[in-house]
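Asks: My structure file coords-v3.cif, mmCIF, N, CA and C atoms, is below:
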```
data_start
#
loop_
_atom_site.label_atom_id
_atom_site.label_comp_id
_atom_site.auth_asym_id
_atom_site.auth_seq_id
_atom_site.Cartn_x
_atom_site.Cartn_y
_atom_site.Cartn_z
N ALA A 686 -27.27 40.09 -41.31
CA ALA A 686 -27.68 40.40 -42.67
C ALA A 686 -28.47 41.69 -42.70
N GLN A 687 -29.22 41.96 -41.64
CA GLN A 687 -30.02 43.18 -41.60
C GLN A 687 -29.14 44.42 -41.55
N ALA A 688 -28.03 44.36 -40.82
CA ALA A 688 -27.12 45.51 -40.75
C ALA A 688 -26.50 45.79 -42.12
N ALA A 689 -26.14 44.74 -42.84
CA ALA A 689 -25.57 44.93 -44.18
C ALA A 689 -26.60 45.55 -45.11
N ALA A 690 -27.83 45.14 -45.01
CA ALA A 690 -28.89 45.72 -45.83
C ALA A 690 -29.09 47.19 -45.48
N SER A 691 -28.95 47.53 -44.21
CA SER A 691 -29.09 48.93 -43.78
C SER A 691 -27.96 49.78 -44.34
N VAL A 692 -26.74 49.26 -44.34
CA VAL A 692 -25.61 49.99 -44.92
C VAL A 692 -25.84 50.19 -46.41
N TYR A 693 -26.30 49.17 -47.09
CA TYR A 693 -26.59 49.27 -48.52
C TYR A 693 -27.65 50.33 -48.78
N ALA A 694 -28.71 50.32 -47.99
CA ALA A 694 -29.78 51.31 -48.16
C ALA A 694 -29.24 52.72 -47.95
N TRP A 695 -28.37 52.90 -46.97
CA TRP A 695 -27.78 54.21 -46.73
C TRP A 695 -26.96 54.66 -47.93
N VAL A 696 -26.13 53.77 -48.47
CA VAL A 696 -25.31 54.10 -49.65
C VAL A 696 -26.21 54.54 -50.80
N LYS A 697 -27.28 53.79 -51.05
CA LYS A 697 -28.19 54.13 -52.14
C LYS A 697 -28.94 55.44 -51.88
N ASN A 698 -29.45 55.61 -50.67
CA ASN A 698 -30.23 56.81 -50.34
C ASN A 698 -29.39 58.08 -50.36
N CYS A 699 -28.13 57.97 -50.02
CA CYS A 699 -27.25 59.13 -49.99
C CYS A 699 -26.50 59.34 -51.30
N ASN A 700 -26.77 58.50 -52.28
CA ASN A 700 -26.10 58.60 -53.59
C ASN A 700 -24.58 58.57 -53.47
N VAL A 701 -24.08 57.70 -52.65
CA VAL A 701 -22.64 57.57 -52.45
C VAL A 701 -22.01 56.89 -53.66
N ALA A 702 -20.98 57.50 -54.21
CA ALA A 702 -20.23 56.88 -55.30
C ALA A 702 -19.16 55.99 -54.65
N LEU A 703 -19.54 54.79 -54.32
CA LEU A 703 -18.68 53.89 -53.55
C LEU A 703 -17.53 53.38 -54.42
N ARG A 704 -16.31 53.61 -53.95
CA ARG A 704 -15.13 53.16 -54.67
C ARG A 704 -14.22 52.27 -53.83
N ILE A 705 -14.41 52.31 -52.53
CA ILE A 705 -13.57 51.51 -51.63
C ILE A 705 -14.45 50.87 -50.56
N LEU A 706 -14.28 49.58 -50.37
CA LEU A 706 -14.93 48.87 -49.26
C LEU A 706 -13.83 48.14 -48.51
N ILE A 707 -13.68 48.46 -47.24
CA ILE A 707 -12.73 47.76 -46.38
C ILE A 707 -13.53 47.05 -45.30
N ASN A 708 -13.56 45.74 -45.37
CA ASN A 708 -14.21 44.91 -44.36
C ASN A 708 -13.18 44.61 -43.29
N ASN A 709 -13.28 45.32 -42.17
CA ASN A 709 -12.30 45.15 -41.10
C ASN A 709 -13.02 45.17 -39.75
N ALA A 710 -13.78 44.15 -39.50
CA ALA A 710 -14.48 44.04 -38.23
C ALA A 710 -14.22 42.66 -37.67
N GLY A 711 -14.13 42.56 -36.39
CA GLY A 711 -13.93 41.26 -35.79
C GLY A 711 -13.99 41.34 -34.28
N ILE A 712 -14.34 40.23 -33.68
CA ILE A 712 -14.32 40.11 -32.23
C ILE A 712 -13.65 38.81 -31.87
N GLY A 713 -13.17 38.74 -30.68
CA GLY A 713 -12.56 37.53 -30.15
C GLY A 713 -12.74 37.52 -28.64
N THR A 714 -12.11 36.59 -27.98
CA THR A 714 -12.19 36.50 -26.53
C THR A 714 -10.79 36.31 -25.96
N GLN A 715 -10.69 36.42 -24.68
CA GLN A 715 -9.45 36.15 -23.97
C GLN A 715 -9.31 34.67 -23.62
N LEU A 716 -10.42 33.96 -23.71
CA LEU A 716 -10.43 32.54 -23.33
C LEU A 716 -9.89 31.66 -24.45
N PRO A 717 -9.33 30.51 -24.09
CA PRO A 717 -9.01 29.53 -25.14
C PRO A 717 -10.29 29.15 -25.89
N PHE A 718 -10.15 28.85 -27.16
CA PHE A 718 -11.33 28.60 -28.00
C PHE A 718 -12.21 27.49 -27.43
N ASP A 719 -11.61 26.42 -26.92
CA ASP A 719 -12.42 25.31 -26.42
C ASP A 719 -13.12 25.63 -25.10
N GLU A 720 -12.80 26.77 -24.49
CA GLU A 720 -13.48 27.21 -23.27
C GLU A 720 -14.46 28.35 -23.54
N THR A 721 -14.58 28.74 -24.78
CA THR A 721 -15.47 29.83 -25.15
C THR A 721 -16.88 29.29 -25.35
N GLY A 722 -17.86 29.98 -24.80
CA GLY A 722 -19.25 29.53 -24.89
C GLY A 722 -19.76 29.54 -26.32
N GLU A 723 -20.72 28.66 -26.57
CA GLU A 723 -21.28 28.50 -27.91
C GLU A 723 -21.90 29.80 -28.43
N SER A 724 -22.58 30.55 -27.57
CA SER A 724 -23.21 31.79 -28.02
C SER A 724 -22.17 32.83 -28.44
N VAL A 725 -21.03 32.83 -27.76
CA VAL A 725 -19.96 33.76 -28.13
C VAL A 725 -19.36 33.35 -29.47
N VAL A 726 -19.17 32.06 -29.68
CA VAL A 726 -18.65 31.57 -30.95
C VAL A 726 -19.61 31.93 -32.09
N GLU A 727 -20.90 31.80 -31.85
CA GLU A 727 -21.88 32.17 -32.87
C GLU A 727 -21.82 33.67 -33.18
N GLN A 728 -21.64 34.51 -32.17
CA GLN A 728 -21.48 35.96 -32.39
C GLN A 728 -20.23 36.24 -33.20
N MET A 729 -19.16 35.54 -32.89
CA MET A 729 -17.91 35.72 -33.63
C MET A 729 -18.11 35.37 -35.10
N LEU A 730 -18.76 34.26 -35.37
CA LEU A 730 -19.01 33.85 -36.75
C LEU A 730 -19.86 34.86 -37.50
N LYS A 731 -20.89 35.37 -36.85
CA LYS A 731 -21.77 36.35 -37.50
C LYS A 731 -21.00 37.61 -37.88
N LEU A 732 -20.19 38.12 -36.99
CA LEU A 732 -19.48 39.36 -37.28
C LEU A 732 -18.27 39.10 -38.17
N ASN A 733 -17.45 38.14 -37.83
CA ASN A 733 -16.20 37.92 -38.56
C ASN A 733 -16.41 37.36 -39.96
N ASN A 734 -17.51 36.66 -40.19
CA ASN A 734 -17.74 36.02 -41.49
C ASN A 734 -19.01 36.51 -42.18
N GLN A 735 -20.14 36.30 -41.56
CA GLN A 735 -21.40 36.61 -42.21
C GLN A 735 -21.52 38.09 -42.56
N ALA A 736 -21.16 38.98 -41.67
CA ALA A 736 -21.27 40.41 -41.95
C ALA A 736 -20.39 40.80 -43.12
N MET A 737 -19.17 40.29 -43.16
CA MET A 737 -18.25 40.61 -44.25
C MET A 737 -18.80 40.12 -45.59
N VAL A 738 -19.29 38.90 -45.62
CA VAL A 738 -19.80 38.33 -46.87
C VAL A 738 -21.06 39.08 -47.33
N MET A 739 -21.95 39.39 -46.41
CA MET A 739 -23.18 40.08 -46.79
C MET A 739 -22.90 41.52 -47.25
N LEU A 740 -22.00 42.22 -46.58
CA LEU A 740 -21.64 43.57 -47.05
C LEU A 740 -21.07 43.51 -48.46
N THR A 741 -20.20 42.55 -48.69
CA THR A 741 -19.62 42.40 -50.02
C THR A 741 -20.71 42.08 -51.04
N HIS A 742 -21.62 41.20 -50.69
CA HIS A 742 -22.71 40.83 -51.59
C HIS A 742 -23.55 42.05 -51.98
N TYR A 743 -23.92 42.85 -51.00
CA TYR A 743 -24.73 44.03 -51.27
C TYR A 743 -23.96 45.12 -52.02
N LEU A 744 -22.71 45.33 -51.66
CA LEU A 744 -21.99 46.51 -52.15
C LEU A 744 -21.12 46.27 -53.37
N LEU A 745 -20.85 45.03 -53.73
CA LEU A 745 -20.03 44.77 -54.91
C LEU A 745 -20.62 45.38 -56.18
N PRO A 746 -21.92 45.29 -56.42
CA PRO A 746 -22.46 45.95 -57.61
C PRO A 746 -22.22 47.46 -57.61
N GLU A 747 -22.25 48.08 -56.44
CA GLU A 747 -21.97 49.52 -56.34
C GLU A 747 -20.52 49.81 -56.67
N LEU A 748 -19.62 48.96 -56.18
CA LEU A 748 -18.20 49.14 -56.50
C LEU A 748 -17.97 49.02 -58.01
N LYS A 749 -18.64 48.08 -58.64
CA LYS A 749 -18.48 47.87 -60.09
C LYS A 749 -18.96 49.08 -60.90
N LEU A 750 -19.94 49.80 -60.36
CA LEU A 750 -20.44 50.98 -61.05
C LEU A 750 -19.43 52.13 -61.10
N HIS A 751 -18.49 52.13 -60.18
CA HIS A 751 -17.59 53.27 -60.02
C HIS A 751 -16.13 52.82 -60.16
N SER A 752 -15.84 52.22 -61.28
CA SER A 752 -14.50 51.71 -61.55
C SER A 752 -13.54 52.86 -61.80
N PRO A 753 -12.27 52.79 -61.37
CA PRO A 753 -11.73 51.68 -60.60
C PRO A 753 -12.22 51.73 -59.15
N SER A 754 -12.40 50.56 -58.59
CA SER A 754 -12.83 50.46 -57.20
C SER A 754 -12.03 49.35 -56.53
N TYR A 755 -12.10 49.33 -55.21
CA TYR A 755 -11.24 48.43 -54.44
C TYR A 755 -12.01 47.78 -53.31
N LEU A 756 -11.67 46.54 -53.03
CA LEU A 756 -12.26 45.78 -51.93
C LEU A 756 -11.12 45.13 -51.15
N MET A 757 -11.11 45.36 -49.85
CA MET A 757 -10.10 44.73 -49.00
C MET A 757 -10.82 44.03 -47.84
N ASN A 758 -10.56 42.75 -47.69
CA ASN A 758 -11.08 41.97 -46.58
C ASN A 758 -9.94 41.69 -45.61
N VAL A 759 -10.12 42.09 -44.37
CA VAL A 759 -9.11 41.87 -43.34
C VAL A 759 -9.61 40.75 -42.42
N GLY A 760 -8.85 39.69 -42.29
CA GLY A 760 -9.25 38.57 -41.44
C GLY A 760 -8.62 38.69 -40.07
N SER A 761 -9.35 38.21 -39.07
CA SER A 761 -8.80 38.22 -37.71
C SER A 761 -8.91 36.84 -37.11
#
```
Can I see the file as C-alpha cells?

Replies:
Amino acid sequence: AQAAASVYAWVKNCNVALRILINNAGIGTQLPFDETGESVVEQMLKLNNQAMVMLTHYLLPELKLHSPSYLMNVGS
C-alpha cells in the first residue's frame, strides 16, 4: 500500500495528466503451488492483487479528471 501511495504522490507532485493506467505486475515460482512456501505466497498476493487494487484506488480519481481515460488490469 505504501508503494501505491508513493506513486500517487509522484503523479500529484509532477502534475501528471494521467489518462492511462496499466496494472501489469506479477510474480510466480517454478514450484508447484502446494510446494511453495507461505511467505512466497504472501508476496505473490501482495504484488499480484493488493498492489493492483491499491494503485487503482489511488489513481482512479486522477483518471476520471482526464477523460477519456483507460484502465487495463492484466492478471497472471

Asks: Find the residues near range 748-751 of chain A: any atom within 8 Å, counting all atoms listed in the file, skip ones fewer than 5 places away on the same chain, and give them as JSON, numbers by chain.

Replies: {"A": [702, 703, 704, 705, 706, 743, 756]}

Asks: May I have the residues within 7 Å of Met739 in chain A as a PDB file with N, CA and C atoms, keeping the file's coordinate frame, using only N, CA and C atoms and disregarding those fewer than 3 positions away in the same chain?

Replies:
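And here's selection.pdb as it stands now:
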```
ATOM      1  N   ALA A 686     -27.270  40.090 -41.310  1.00  0.00           N
ATOM      2  CA  ALA A 686     -27.680  40.400 -42.670  1.00  0.00           C
ATOM      3  C   ALA A 686     -28.470  41.690 -42.700  1.00  0.00           C
ATOM      4  N   ALA A 689     -26.140  44.740 -42.840  1.00  0.00           N
ATOM      5  CA  ALA A 689     -25.570  44.930 -44.180  1.00  0.00           C
ATOM      6  C   ALA A 689     -26.600  45.550 -45.110  1.00  0.00           C
ATOM      7  N   ALA A 690     -27.830  45.140 -45.010  1.00  0.00           N
ATOM      8  CA  ALA A 690     -28.890  45.720 -45.830  1.00  0.00           C
ATOM      9  C   ALA A 690     -29.090  47.190 -45.480  1.00  0.00           C
ATOM     10  N   ASN A 734     -17.510  36.660 -40.190  1.00  0.00           N
ATOM     11  CA  ASN A 734     -17.740  36.020 -41.490  1.00  0.00           C
ATOM     12  C   ASN A 734     -19.010  36.510 -42.180  1.00  0.00           C
ATOM     13  N   GLN A 735     -20.140  36.300 -41.560  1.00  0.00           N
ATOM     14  CA  GLN A 735     -21.400  36.610 -42.210  1.00  0.00           C
ATOM     15  C   GLN A 735     -21.520  38.090 -42.560  1.00  0.00           C
ATOM     16  N   ALA A 736     -21.160  38.980 -41.670  1.00  0.00           N
ATOM     17  CA  ALA A 736     -21.270  40.410 -41.950  1.00  0.00           C
ATOM     18  C   ALA A 736     -20.390  40.800 -43.120  1.00  0.00           C
ATOM     19  N   HIS A 742     -21.620  41.200 -50.690  1.00  0.00           N
ATOM     20  CA  HIS A 742     -22.710  40.830 -51.590  1.00  0.00           C
ATOM     21  C   HIS A 742     -23.550  42.050 -51.980  1.00  0.00           C
ATOM     22  N   TYR A 743     -23.920  42.850 -51.000  1.00  0.00           N
ATOM     23  CA  TYR A 743     -24.730  44.030 -51.270  1.00  0.00           C
ATOM     24  C   TYR A 743     -23.960  45.120 -52.020  1.00  0.00           C
ATOM     25  N   LEU A 744     -22.710  45.330 -51.660  1.00  0.00           N
ATOM     26  CA  LEU A 744     -21.990  46.510 -52.150  1.00  0.00           C
ATOM     27  C   LEU A 744     -21.120  46.270 -53.370  1.00  0.00           C
TER      28      LEU A 744
END
```

Asks: What's the separation between atom C of Val726 in chain A and CA of Pro746 in chain A, in Å to one decimal place?

Replies: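 About the pair atom C of Val726 in chain A and CA of Pro746 in chain A: they are 29.3 Å apart.
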
Asks: How many Å separate CA of Asn708 in chain A from atom C of Met729 in chain A?

Replies: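 A separation of 13.9 Å between them.
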
Asks: Taking only C-alpha atoms into account, which of A:Ser752, A:Asn700, A:Thr741, A:Asn733 comes nearest Gly713 in chain A?

Replies: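 Ranked by minimum distance to Gly713 in chain A, first place goes to A:Asn733.
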
Asks: Save C-alpha atoms of range 688-754 of chain A from the block above as a PDB file, in the first residue's frame.

Replies:
```
ATOM      1  CA  ALA A 688       4.295   1.921  -2.822  1.00  0.00           C
ATOM      2  CA  ALA A 689       0.902   2.778  -4.330  1.00  0.00           C
ATOM      3  CA  ALA A 690       0.713   5.882  -2.161  1.00  0.00           C
ATOM      4  CA  SER A 691       4.196   6.867  -3.347  1.00  0.00           C
ATOM      5  CA  VAL A 692       3.168   6.511  -6.993  1.00  0.00           C
ATOM      6  CA  TYR A 693       0.081   8.619  -6.311  1.00  0.00           C
ATOM      7  CA  ALA A 694       2.181  11.302  -4.606  1.00  0.00           C
ATOM      8  CA  TRP A 695       4.548  11.369  -7.582  1.00  0.00           C
ATOM      9  CA  VAL A 696       1.631  11.781 -10.031  1.00  0.00           C
ATOM     10  CA  LYS A 697       0.250  14.674  -7.963  1.00  0.00           C
ATOM     11  CA  ASN A 698       3.622  16.353  -7.351  1.00  0.00           C
ATOM     12  CA  CYS A 699       4.595  16.193 -11.023  1.00  0.00           C
ATOM     13  CA  ASN A 700       1.177  17.381 -12.228  1.00  0.00           C
ATOM     14  CA  VAL A 701       0.799  14.354 -14.476  1.00  0.00           C
ATOM     15  CA  ALA A 702      -2.376  14.383 -16.566  1.00  0.00           C
ATOM     16  CA  LEU A 703      -2.977  10.667 -16.091  1.00  0.00           C
ATOM     17  CA  ARG A 704      -5.018   9.106 -18.887  1.00  0.00           C
ATOM     18  CA  ILE A 705      -3.834   5.501 -18.922  1.00  0.00           C
ATOM     19  CA  LEU A 706      -3.143   3.071 -16.084  1.00  0.00           C
ATOM     20  CA  ILE A 707      -1.914  -0.404 -16.967  1.00  0.00           C
ATOM     21  CA  ASN A 708      -1.594  -2.696 -13.959  1.00  0.00           C
ATOM     22  CA  ASN A 709       0.762  -5.380 -15.241  1.00  0.00           C
ATOM     23  CA  ALA A 710       2.876  -6.702 -12.411  1.00  0.00           C
ATOM     24  CA  GLY A 711       3.151 -10.197 -11.108  1.00  0.00           C
ATOM     25  CA  ILE A 712       5.433 -12.816  -9.678  1.00  0.00           C
ATOM     26  CA  GLY A 713       5.285 -16.569  -9.552  1.00  0.00           C
ATOM     27  CA  THR A 714       7.532 -19.522  -8.817  1.00  0.00           C
ATOM     28  CA  GLN A 715       8.815 -22.589 -10.599  1.00  0.00           C
ATOM     29  CA  LEU A 716       7.494 -24.820  -7.823  1.00  0.00           C
ATOM     30  CA  PRO A 717       4.059 -26.412  -7.739  1.00  0.00           C
ATOM     31  CA  PHE A 718       1.726 -24.217  -5.707  1.00  0.00           C
ATOM     32  CA  ASP A 719       1.364 -26.733  -2.872  1.00  0.00           C
ATOM     33  CA  GLU A 720       5.172 -26.811  -2.503  1.00  0.00           C
ATOM     34  CA  THR A 721       5.550 -23.037  -2.426  1.00  0.00           C
ATOM     35  CA  GLY A 722       6.372 -21.533   0.962  1.00  0.00           C
ATOM     36  CA  GLU A 723       3.792 -19.448   2.781  1.00  0.00           C
ATOM     37  CA  SER A 724       5.957 -16.297   2.715  1.00  0.00           C
ATOM     38  CA  VAL A 725       6.307 -16.561  -1.067  1.00  0.00           C
ATOM     39  CA  VAL A 726       2.546 -16.975  -1.458  1.00  0.00           C
ATOM     40  CA  GLU A 727       2.019 -13.881   0.704  1.00  0.00           C
ATOM     41  CA  GLN A 728       4.449 -11.904  -1.507  1.00  0.00           C
ATOM     42  CA  MET A 729       2.582 -13.093  -4.586  1.00  0.00           C
ATOM     43  CA  LEU A 730      -0.743 -11.943  -3.140  1.00  0.00           C
ATOM     44  CA  LYS A 731       0.637  -8.535  -2.199  1.00  0.00           C
ATOM     45  CA  LEU A 732       2.033  -7.834  -5.647  1.00  0.00           C
ATOM     46  CA  ASN A 733      -0.473  -9.634  -7.865  1.00  0.00           C
ATOM     47  CA  ASN A 734      -3.575  -8.404  -6.009  1.00  0.00           C
ATOM     48  CA  GLN A 735      -3.060  -5.800  -3.312  1.00  0.00           C
ATOM     49  CA  ALA A 736      -0.740  -3.554  -5.330  1.00  0.00           C
ATOM     50  CA  MET A 737      -3.100  -3.567  -8.318  1.00  0.00           C
ATOM     51  CA  VAL A 738      -6.150  -2.758  -6.211  1.00  0.00           C
ATOM     52  CA  MET A 739      -4.404  -0.013  -4.240  1.00  0.00           C
ATOM     53  CA  LEU A 740      -2.967   1.644  -7.369  1.00  0.00           C
ATOM     54  CA  THR A 741      -6.426   1.626  -8.898  1.00  0.00           C
ATOM     55  CA  HIS A 742      -7.924   3.038  -5.703  1.00  0.00           C
ATOM     56  CA  TYR A 743      -5.449   5.920  -5.588  1.00  0.00           C
ATOM     57  CA  LEU A 744      -5.328   6.691  -9.305  1.00  0.00           C
ATOM     58  CA  LEU A 745      -8.919   6.206 -10.470  1.00  0.00           C
ATOM     59  CA  PRO A 746      -9.910   9.740  -9.397  1.00  0.00           C
ATOM     60  CA  GLU A 747      -6.991  11.073 -11.460  1.00  0.00           C
ATOM     61  CA  LEU A 748      -8.113   9.072 -14.482  1.00  0.00           C
ATOM     62  CA  LYS A 749     -11.635  10.472 -14.104  1.00  0.00           C
ATOM     63  CA  LEU A 750     -10.253  14.016 -14.177  1.00  0.00           C
ATOM     64  CA  HIS A 751      -8.727  13.490 -17.620  1.00  0.00           C
ATOM     65  CA  SER A 752     -11.463  11.860 -19.650  1.00  0.00           C
ATOM     66  CA  PRO A 753     -11.299   9.925 -21.848  1.00  0.00           C
ATOM     67  CA  SER A 754      -9.031   7.698 -19.812  1.00  0.00           C
TER      68      SER A 754
END
```
